[in-house]
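Shown below: input-v9.cif, with mmCIF, N, CA and C atoms.
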data_coords
#
loop_
_atom_site.label_atom_id
_atom_site.label_comp_id
_atom_site.auth_asym_id
_atom_site.auth_seq_id
_atom_site.Cartn_x
_atom_site.Cartn_y
_atom_site.Cartn_z
N MET A 20 8.19 -93.53 175.65
CA MET A 20 9.47 -93.60 176.32
C MET A 20 9.28 -94.25 177.69
N GLU A 21 10.25 -95.05 178.05
CA GLU A 21 10.20 -95.73 179.34
C GLU A 21 11.39 -95.29 180.18
N ARG A 22 11.12 -94.98 181.46
CA ARG A 22 12.19 -94.58 182.37
C ARG A 22 12.88 -95.83 182.91
N VAL A 23 14.21 -95.80 182.89
CA VAL A 23 15.02 -96.93 183.34
C VAL A 23 16.00 -96.44 184.39
N ALA A 24 16.20 -97.25 185.42
CA ALA A 24 17.24 -97.02 186.42
C ALA A 24 18.08 -98.29 186.48
N ALA A 25 19.37 -98.14 186.22
CA ALA A 25 20.28 -99.28 186.25
C ALA A 25 21.42 -98.97 187.22
N TYR A 26 21.88 -99.99 187.92
CA TYR A 26 22.88 -99.81 188.96
C TYR A 26 24.17 -100.52 188.58
N PHE A 27 25.30 -99.90 188.96
CA PHE A 27 26.62 -100.41 188.61
C PHE A 27 27.55 -100.34 189.81
N ARG A 28 28.56 -101.22 189.80
CA ARG A 28 29.53 -101.27 190.89
C ARG A 28 30.36 -100.00 191.00
N ASN A 29 30.65 -99.38 189.87
CA ASN A 29 31.56 -98.24 189.90
C ASN A 29 31.23 -97.24 188.79
N GLU A 30 31.89 -96.11 188.86
CA GLU A 30 31.63 -95.03 187.91
C GLU A 30 32.05 -95.41 186.49
N ASN A 31 33.15 -96.15 186.34
CA ASN A 31 33.60 -96.53 185.00
C ASN A 31 32.56 -97.35 184.26
N ASP A 32 31.98 -98.34 184.93
CA ASP A 32 30.94 -99.16 184.29
C ASP A 32 29.74 -98.30 183.91
N ALA A 33 29.35 -97.41 184.81
CA ALA A 33 28.20 -96.54 184.55
C ALA A 33 28.47 -95.60 183.37
N GLU A 34 29.65 -95.02 183.32
CA GLU A 34 29.98 -94.10 182.23
C GLU A 34 30.10 -94.83 180.89
N ASP A 35 30.62 -96.05 180.90
CA ASP A 35 30.69 -96.84 179.66
C ASP A 35 29.29 -97.06 179.09
N VAL A 36 28.34 -97.36 179.96
CA VAL A 36 26.96 -97.57 179.51
C VAL A 36 26.37 -96.27 178.99
N ARG A 37 26.64 -95.17 179.67
CA ARG A 37 26.13 -93.87 179.21
C ARG A 37 26.56 -93.61 177.77
N VAL A 38 27.82 -93.87 177.47
CA VAL A 38 28.34 -93.65 176.12
C VAL A 38 27.66 -94.58 175.12
N LYS A 39 27.53 -95.85 175.46
CA LYS A 39 26.94 -96.83 174.55
C LYS A 39 25.46 -96.56 174.29
N LEU A 40 24.77 -96.02 175.27
CA LEU A 40 23.34 -95.72 175.10
C LEU A 40 23.10 -94.63 174.07
N GLN A 41 24.09 -93.80 173.80
CA GLN A 41 23.92 -92.70 172.85
C GLN A 41 23.60 -93.19 171.44
N ALA A 42 23.88 -94.45 171.15
CA ALA A 42 23.56 -95.02 169.83
C ALA A 42 22.07 -95.34 169.70
N LEU A 43 21.35 -95.28 170.82
CA LEU A 43 19.92 -95.61 170.83
C LEU A 43 19.10 -94.33 170.96
N THR A 44 17.78 -94.49 170.89
CA THR A 44 16.88 -93.36 171.10
C THR A 44 16.65 -93.23 172.60
N VAL A 45 17.51 -92.43 173.24
CA VAL A 45 17.43 -92.20 174.68
C VAL A 45 17.46 -90.70 174.94
N SER A 46 17.01 -90.31 176.11
CA SER A 46 17.10 -88.91 176.53
C SER A 46 17.23 -88.86 178.04
N ASP A 47 17.56 -87.69 178.54
CA ASP A 47 17.68 -87.45 179.98
C ASP A 47 18.60 -88.47 180.67
N VAL A 48 19.73 -88.78 180.05
CA VAL A 48 20.67 -89.75 180.63
C VAL A 48 21.44 -89.06 181.75
N MET A 49 21.42 -89.69 182.92
CA MET A 49 22.09 -89.14 184.09
C MET A 49 22.89 -90.23 184.78
N VAL A 50 24.13 -89.94 185.14
CA VAL A 50 24.98 -90.85 185.90
C VAL A 50 25.28 -90.19 187.23
N ASP A 51 25.08 -90.93 188.32
CA ASP A 51 25.33 -90.35 189.64
C ASP A 51 25.59 -91.46 190.64
N LYS A 52 26.20 -91.09 191.76
CA LYS A 52 26.37 -92.03 192.86
C LYS A 52 25.00 -92.28 193.48
N VAL A 53 24.79 -93.50 193.96
CA VAL A 53 23.56 -93.78 194.70
C VAL A 53 23.68 -93.01 196.01
N PRO A 54 22.69 -92.18 196.35
CA PRO A 54 22.78 -91.37 197.57
C PRO A 54 22.94 -92.23 198.82
N GLU A 55 23.86 -91.81 199.68
CA GLU A 55 24.10 -92.56 200.92
C GLU A 55 22.89 -92.57 201.83
N ASP A 56 22.04 -91.56 201.73
CA ASP A 56 20.88 -91.50 202.61
C ASP A 56 19.74 -92.40 202.13
N ASN A 57 19.91 -93.06 201.01
CA ASN A 57 18.89 -93.98 200.50
C ASN A 57 19.29 -95.40 200.91
N ASN A 58 19.15 -95.70 202.20
CA ASN A 58 19.60 -96.97 202.76
C ASN A 58 18.95 -98.18 202.13
N ARG A 59 17.68 -98.10 201.81
CA ARG A 59 16.98 -99.24 201.24
C ARG A 59 17.60 -99.64 199.91
N ILE A 60 17.81 -98.69 199.03
CA ILE A 60 18.42 -98.97 197.73
C ILE A 60 19.85 -99.45 197.92
N LEU A 61 20.62 -98.78 198.80
CA LEU A 61 22.01 -99.18 199.01
C LEU A 61 22.10 -100.61 199.50
N ASP A 62 21.23 -101.01 200.42
CA ASP A 62 21.25 -102.39 200.92
C ASP A 62 20.97 -103.38 199.81
N ILE A 63 19.99 -103.09 198.98
CA ILE A 63 19.65 -103.98 197.86
C ILE A 63 20.82 -104.08 196.90
N ILE A 64 21.39 -102.95 196.53
CA ILE A 64 22.49 -102.94 195.57
C ILE A 64 23.71 -103.63 196.13
N ARG A 65 24.03 -103.40 197.38
CA ARG A 65 25.19 -104.08 197.98
C ARG A 65 24.99 -105.59 197.97
N ASP A 66 23.77 -106.04 198.23
CA ASP A 66 23.49 -107.48 198.17
C ASP A 66 23.69 -108.01 196.76
N VAL A 67 23.26 -107.28 195.76
CA VAL A 67 23.40 -107.70 194.37
C VAL A 67 24.87 -107.82 194.00
N PHE A 68 25.69 -106.87 194.43
CA PHE A 68 27.10 -106.85 194.05
C PHE A 68 28.00 -107.62 195.01
N ARG A 69 27.46 -108.17 196.07
CA ARG A 69 28.28 -108.82 197.10
C ARG A 69 29.19 -109.89 196.51
N ASP A 70 28.68 -110.74 195.62
CA ASP A 70 29.50 -111.81 195.03
C ASP A 70 30.62 -111.26 194.17
N GLU A 71 30.45 -110.09 193.61
CA GLU A 71 31.44 -109.52 192.71
C GLU A 71 32.47 -108.68 193.44
N ASP A 72 32.16 -108.21 194.61
CA ASP A 72 33.06 -107.32 195.34
C ASP A 72 33.00 -107.68 196.81
N HIS A 73 33.94 -108.45 197.26
CA HIS A 73 33.90 -108.96 198.63
C HIS A 73 34.25 -107.92 199.68
N SER A 74 34.79 -106.79 199.26
CA SER A 74 35.19 -105.77 200.23
C SER A 74 34.00 -105.04 200.84
N GLY A 75 32.92 -104.93 200.08
CA GLY A 75 31.75 -104.20 200.56
C GLY A 75 31.97 -102.70 200.65
N GLN A 76 33.10 -102.22 200.12
CA GLN A 76 33.45 -100.82 200.24
C GLN A 76 33.12 -100.00 198.99
N HIS A 77 32.59 -100.62 197.97
CA HIS A 77 32.31 -99.88 196.75
C HIS A 77 31.16 -98.91 196.96
N ARG A 78 31.12 -97.91 196.13
CA ARG A 78 30.02 -96.94 196.15
C ARG A 78 29.28 -97.09 194.83
N PRO A 79 28.11 -97.72 194.84
CA PRO A 79 27.39 -97.97 193.58
C PRO A 79 26.96 -96.69 192.87
N TYR A 80 26.85 -96.82 191.56
CA TYR A 80 26.40 -95.72 190.70
C TYR A 80 25.09 -96.11 190.03
N ILE A 81 24.31 -95.09 189.72
CA ILE A 81 23.04 -95.28 189.03
C ILE A 81 23.10 -94.55 187.69
N VAL A 82 22.54 -95.19 186.67
CA VAL A 82 22.34 -94.55 185.38
C VAL A 82 20.84 -94.53 185.16
N GLU A 83 20.28 -93.34 185.05
CA GLU A 83 18.85 -93.18 184.79
C GLU A 83 18.69 -92.57 183.41
N PHE A 84 17.68 -93.06 182.68
CA PHE A 84 17.45 -92.53 181.34
C PHE A 84 16.06 -92.90 180.87
N LEU A 85 15.63 -92.19 179.83
CA LEU A 85 14.40 -92.52 179.11
C LEU A 85 14.80 -93.19 177.82
N VAL A 86 14.13 -94.28 177.47
CA VAL A 86 14.45 -95.01 176.24
C VAL A 86 13.15 -95.30 175.50
N SER A 87 13.24 -95.25 174.18
CA SER A 87 12.06 -95.57 173.37
C SER A 87 11.72 -97.05 173.54
N GLU A 88 10.45 -97.37 173.38
CA GLU A 88 10.03 -98.77 173.47
C GLU A 88 10.76 -99.63 172.45
N ALA A 89 11.01 -99.08 171.27
CA ALA A 89 11.69 -99.82 170.21
C ALA A 89 13.12 -100.18 170.58
N ASP A 90 13.76 -99.37 171.43
CA ASP A 90 15.16 -99.60 171.81
C ASP A 90 15.32 -100.19 173.21
N PHE A 91 14.21 -100.47 173.88
CA PHE A 91 14.29 -100.93 175.27
C PHE A 91 15.12 -102.20 175.41
N GLU A 92 14.88 -103.20 174.57
CA GLU A 92 15.61 -104.47 174.69
C GLU A 92 17.10 -104.27 174.45
N GLN A 93 17.45 -103.41 173.50
CA GLN A 93 18.87 -103.12 173.25
C GLN A 93 19.49 -102.42 174.44
N ALA A 94 18.77 -101.50 175.04
CA ALA A 94 19.27 -100.79 176.22
C ALA A 94 19.48 -101.78 177.37
N LYS A 95 18.54 -102.67 177.53
CA LYS A 95 18.65 -103.69 178.58
C LYS A 95 19.88 -104.56 178.35
N ALA A 96 20.13 -104.95 177.11
CA ALA A 96 21.30 -105.77 176.78
C ALA A 96 22.59 -105.00 177.07
N ILE A 97 22.62 -103.71 176.75
CA ILE A 97 23.81 -102.90 177.03
C ILE A 97 24.09 -102.88 178.53
N VAL A 98 23.06 -102.67 179.33
CA VAL A 98 23.22 -102.65 180.79
C VAL A 98 23.72 -104.00 181.27
N ASN A 99 23.07 -105.08 180.85
CA ASN A 99 23.46 -106.41 181.31
C ASN A 99 24.87 -106.79 180.88
N ASN A 100 25.25 -106.43 179.66
CA ASN A 100 26.58 -106.76 179.16
C ASN A 100 27.69 -105.97 179.84
N ASN A 101 27.31 -104.94 180.57
CA ASN A 101 28.29 -104.12 181.29
C ASN A 101 28.13 -104.26 182.80
N ASN A 102 27.68 -105.43 183.24
CA ASN A 102 27.58 -105.76 184.66
C ASN A 102 26.64 -104.85 185.44
N GLY A 103 25.61 -104.36 184.76
CA GLY A 103 24.62 -103.53 185.42
C GLY A 103 23.43 -104.36 185.86
N HIS A 104 22.65 -103.79 186.76
CA HIS A 104 21.46 -104.46 187.29
C HIS A 104 20.30 -103.49 187.33
N PHE A 105 19.14 -103.98 186.90
CA PHE A 105 17.91 -103.19 186.99
C PHE A 105 17.29 -103.42 188.34
N GLN A 106 16.64 -102.38 188.86
CA GLN A 106 15.93 -102.54 190.13
C GLN A 106 14.59 -103.17 189.86
#
With the file now loaded, output its structure as structure tokens.
Amino acid sequence: MERVAAYFRNENDAEDVRVKLQALTVSDVMVDKVPEDNNRILDIIRDVFRDEDHSGQHRPYIVEFLVSEADFEQAKAIVNNNNGHFQ
């Protein structure tokens, strides 16, 4: 199993991915806001989403999960197809 952290502009995108991942061999799926006290991650994520959200006011979400090696590429495609970004 491989641990994955994927970042999304909003909760809806993150929750959509959480639901879609259930079709794969995943475990420990967690959706949460990126902590405000994690400035380094927030700065990176805001830079990634800057072109998509010019307001700069969004609060990014993280989806963390364990995925089997056999399903890793499918999980990556699900994240990418839902406007997510890997760190």
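Residue selection for this entry, given the PyMOL selection byres ((chain A and resi 82) around 6), comprises Val23, Ala24, Ala25, Tyr26, Phe27, Met49, Val50, Asp51, Tyr80, Ile81, Glu83 and Phe84 of chain A.
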**Message:** Between atom C of Asp32 (chain A) and atom N of Glu88 (chain A), what is the distance in Å, rounded to a tenth?
**Reply:** 22.0 Å
**Asked** Of the residues A:Asn29, A:Val53, A:Asn102, A:Ser46, which is the one nearest to Ser87 (chain A), using only C-alpha atoms?
**Response**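 The shortest atom-to-atom distance to Ser87 (chain A) comes from A:Ser46.
Interatomic distance, CA of Leu43 (chain A) against CA of Pro79 (chain A): 24.1 Å.
Shortest separation to His104 (chain A) among A:Leu40, A:Leu85, A:Val48, A:Ala33 occurs at residue A:Ala33, atoms counted being only C-alpha atoms.
Here atom C of Pro54 (chain A) stands at a distance of 16.9 Å from CA of Phe105 (chain A).
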**Message:** Distance cut-off 8 Å, centre (9.6, -99.6, 181.1) in file coordinates, counting only N, CA and C atoms: which residues qualify? Return them as a PyMOL selection string.
**Reply:** chain A and resi 20-23+86+88+91
